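Below is one structure; the comments refer to it alone.
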Protein chains: 2
Amino acid sequence: MHAIHAIRFGSFKSYVLSQDGRMQITGFQIAGEAMGLADLASGRHTTEAQALEPASLCEIPLSHLDNLNRELPSFSRQLQGILSSEIHHYQSLALMLGRKTAEERLATFLLDLSARYKTRGFSPQTFSLSMSRDDIGTYLGIAGETVCRLFSRFQEEGLIEARRRLVHILSPDRLRALAHN
Amino acid sequence: MHAIHAIRFGSFKSYVLSQDGRMQITGFQIAGEAMGLADLASGRHTTEAQALEPASLCEIPLSHLDNLNRELPSFSRQLQGILSSEIHHYQSLALMLGRKTAEERLATFLLDLSARYKTRGFSPQTFSLSMSRDDIGTYLGIAGETVCRLFSRFQEEGLIEARRRLVHILSPDRLRALAHN
DNA sequence: CGCAGCTTTGAACGGAGTCAAACTAAGTGG
DNA sequence: CCACTTAGTTTGACTCCGTTCAAAGCTGCG
């Protein structure tokens with residue numbers, strides 16, 4: 001490992017693998033977010049990432065990090081903030097993977113995505129998923145088939161409208177009620 | 001939130017709660033380790049911790065952190081390293097909670113503990129758990145009863161010897177084979 | 001057109017949860 | 001020192017959510 005990366009445009013899935021090849025996706029990153037932070041300490045990349053669409057990266061060599069730390073104390077705090085919020089993300093993920101039902105997981109996931117698109121200036125109701133059903137399952141700790149079934153059920157119940165990757169959130173409130181955040 | 005904490009002696013369980021009160025234990029900390037790092041960014045404590053035995057804490061006010069960052073660049077890197085390895089821990093946890101069977105989880109947990117005791121100079125084969133079966137389950141994302149059953153099974157199969165909190169690891173190798181790390 | 005990769009849906013199975021009861025072990029107070 | 005309480009552990013029986021395996025349906029692309 002010699003650098004961390006920031007996304008200029010495009011989106012990625014980050015994941016870890018067990019010895020026998022099982023995958024756990026740890027997050028989906030979009031433009032402006034960082035990747036590879038988990039490995040600052042060890043100096044080895046244990047996380048991998050894969051682009052979900054054409055994308056562009058900005059490489060930040062470790063040596064630059066040291067320089068910035070030395071010369072710009074506000075940078076230190078900022079980086080620590082990014083690391084800290086990453087930890088926060090993982091805490092939510094752990095709560096989800098350890099204690100939530102499949103239904104709660106997908107509801108939470110859709111609301112998270114929605115909120116994220118909103119802060120980026122996109123519509124929080126209508127958006128296009130950049131990842132497959134299988135990817136969603138691999139992130140939520142459930143099978144891709146279960147994700148499909150839930151999409152269908154949410155649709156039957158009038159919570160969302162989904163046609164392949166295109167998602168339309170009809171009732172954020174009822175979705176929030178399902179999520180039990 | 002006004003400070004983070006380091007453990008002087010004793011041990012803790014850290015956890016997060018869902019709205020409806022479900023608990024996910026995110027880790028067990030022992031002397032020399034830090035707590036509260038997840039909340040540096042938000043400035044609010046979303047993590048809670050509870051002592052598992054008589055313990056003593058060292059409080060580190062946030063203002064001190066800023067001073068240290070300003071005056072001691074090596075401290076910045078060190079703190080970033082701690083944060084980064086915390087992220088690394090959560091990645092393993094996510095892999096465990098998302099993709100492993102109950103059996104694999106407990107085997108992994110016992111080996112982790114064993115390794116941790118070893119680095120602290122204690123016996124890696126024989127140690128006393130500071131947490132209950134329920135706590136272990138709440139950490140591993142399984143029911144306390146399942147933990148009990150697995151303890152019994154591991155014992156029947158000659159992998160460990162456990163009498164209440166006292167654990168003796170008989171066959172680390174076979175345990176490692178079960179863990180599938 | 002036809003292939004390849006998603007997505008969707010069905011049927012059957014199984015691992016772990018839940019509920020409940022019995023069994024320690026360690027205090028606590030009379 | 002013993003009866004009593006309390007918290008944790010262990011085990012059993014039953015249930016159910018989500019997985020697995022399989023087949024069929026879409027969509028887009030070469």
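In the structure tokens, chains take letters A, B, ... by order of appearance, with residues numbered from 1 within each chain and ligands from 1 in the order shown.
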Task: Distance-based interface of chain A with chain B, 7 Å, counting only C-alpha atoms, as an NGL selection string - done: :A and (18-20 or 22 or 24 or 37-41 or 69-70 or 73 or 76 or 80-81 or 83-85 or 87-88 or 90 or 94-95 or 97-99 or 141 or 180-181)
Open item on the list: Please find the residues of chain C near chain A - the criterion being any atom within 12 Å, counting only C-alpha atoms (C1' of nucleotides) - and write them as a VMD selection string.
Closed with: chain C and resid 5 to 10 17
Under the rule of at most 9 Å, produce a per-residue listing of chain D near chain A: chain, number, name, the closest pair of atoms, and the distance in Å, as a Markdown table, using only C-alpha atoms (C1' of nucleotides).
```
| residue | atom | partner | partner_atom | distance |
| --- | --- | --- | --- | --- |
| D:DC17 | C1' | A:Thr101 | CA | 8.5 |
| D:DG18 | C1' | A:Thr146 | CA | 7.2 |
| D:DT19 | C1' | A:Ala143 | CA | 7.2 |
```
Open item on the list: Taking only range 24-151 of chain B into account, list the residues labelled strand (DSSP E) by DSSP (computed from the backbone), as an NGL selection string.
Closed with: :B and (24-30 or 34-35 or 48-51 or 56-61 or 126-128)
Write out the residues from the selection above, keeping N, CA and C atoms, as an mmCIF file, in the first residue's frame.
```cif
data_model
loop_
_atom_site.group_PDB
_atom_site.id
_atom_site.type_symbol
_atom_site.label_atom_id
_atom_site.label_comp_id
_atom_site.auth_asym_id
_atom_site.auth_seq_id
_atom_site.Cartn_x
_atom_site.Cartn_y
_atom_site.Cartn_z
ATOM 1 N N GLN B 24 -26.351 -4.080 19.702
ATOM 2 C CA GLN B 24 -25.251 -4.760 19.020
ATOM 3 C C GLN B 24 -23.963 -4.361 19.710
ATOM 4 N N ILE B 25 -23.336 -5.311 20.361
ATOM 5 C CA ILE B 25 -22.032 -5.033 20.972
ATOM 6 C C ILE B 25 -21.007 -4.937 19.856
ATOM 7 N N THR B 26 -20.230 -3.857 19.859
ATOM 8 C CA THR B 26 -19.299 -3.625 18.758
ATOM 9 C C THR B 26 -17.874 -4.032 19.110
ATOM 10 N N GLY B 27 -17.646 -4.307 20.377
ATOM 11 C CA GLY B 27 -16.315 -4.755 20.741
ATOM 12 C C GLY B 27 -16.120 -4.825 22.245
ATOM 13 N N PHE B 28 -15.105 -5.573 22.644
ATOM 14 C CA PHE B 28 -14.720 -5.644 24.050
ATOM 15 C C PHE B 28 -13.343 -5.008 24.183
ATOM 16 N N GLN B 29 -13.235 -4.016 25.058
ATOM 17 C CA GLN B 29 -11.959 -3.309 25.199
ATOM 18 C C GLN B 29 -11.263 -3.677 26.500
ATOM 19 N N ILE B 30 -9.932 -3.720 26.441
ATOM 20 C CA ILE B 30 -9.164 -3.969 27.655
ATOM 21 C C ILE B 30 -8.140 -2.861 27.861
ATOM 22 N N ALA B 34 -8.673 2.426 23.453
ATOM 23 C CA ALA B 34 -9.447 3.663 23.482
ATOM 24 C C ALA B 34 -10.929 3.412 23.244
ATOM 25 N N MET B 35 -11.767 4.322 23.712
ATOM 26 C CA MET B 35 -13.212 4.235 23.481
ATOM 27 C C MET B 35 -13.754 5.608 23.088
ATOM 28 N N GLU B 48 -22.174 3.565 23.393
ATOM 29 C CA GLU B 48 -22.132 3.530 24.846
ATOM 30 C C GLU B 48 -21.198 2.408 25.246
ATOM 31 N N ALA B 49 -20.736 2.467 26.485
ATOM 32 C CA ALA B 49 -19.866 1.410 26.970
ATOM 33 C C ALA B 49 -20.203 1.121 28.422
ATOM 34 N N GLN B 50 -19.952 -0.120 28.813
ATOM 35 C CA GLN B 50 -20.268 -0.535 30.176
ATOM 36 C C GLN B 50 -19.138 -1.402 30.683
ATOM 37 N N ALA B 51 -18.728 -1.153 31.926
ATOM 38 C CA ALA B 51 -17.621 -1.920 32.501
ATOM 39 C C ALA B 51 -18.057 -3.345 32.802
ATOM 40 N N SER B 56 -10.810 1.482 35.559
ATOM 41 C CA SER B 56 -10.418 2.882 35.704
ATOM 42 C C SER B 56 -10.150 3.495 34.341
ATOM 43 N N LEU B 57 -10.614 4.734 34.170
ATOM 44 C CA LEU B 57 -10.516 5.392 32.870
ATOM 45 C C LEU B 57 -9.596 6.604 32.897
ATOM 46 N N CYS B 58 -9.067 6.927 31.730
ATOM 47 C CA CYS B 58 -8.323 8.161 31.549
ATOM 48 C C CYS B 58 -9.080 9.010 30.539
ATOM 49 N N GLU B 59 -9.507 10.184 30.957
ATOM 50 C CA GLU B 59 -10.291 11.054 30.077
ATOM 51 C C GLU B 59 -9.370 11.947 29.265
ATOM 52 N N ILE B 60 -9.623 12.033 27.965
ATOM 53 C CA ILE B 60 -8.826 12.903 27.100
ATOM 54 C C ILE B 60 -9.741 13.931 26.451
ATOM 55 N N PRO B 61 -9.788 15.165 26.979
ATOM 56 C CA PRO B 61 -10.686 16.181 26.430
ATOM 57 C C PRO B 61 -10.380 16.469 24.968
ATOM 58 N N THR B 126 -5.357 -20.806 28.238
ATOM 59 C CA THR B 126 -6.271 -20.772 29.378
ATOM 60 C C THR B 126 -6.550 -19.343 29.796
ATOM 61 N N PHE B 127 -7.798 -18.970 29.808
ATOM 62 C CA PHE B 127 -8.150 -17.617 30.251
ATOM 63 C C PHE B 127 -9.576 -17.581 30.765
ATOM 64 N N SER B 128 -9.876 -16.477 31.434
ATOM 65 C CA SER B 128 -11.200 -16.326 32.016
ATOM 66 C C SER B 128 -11.953 -15.225 31.276
#
```
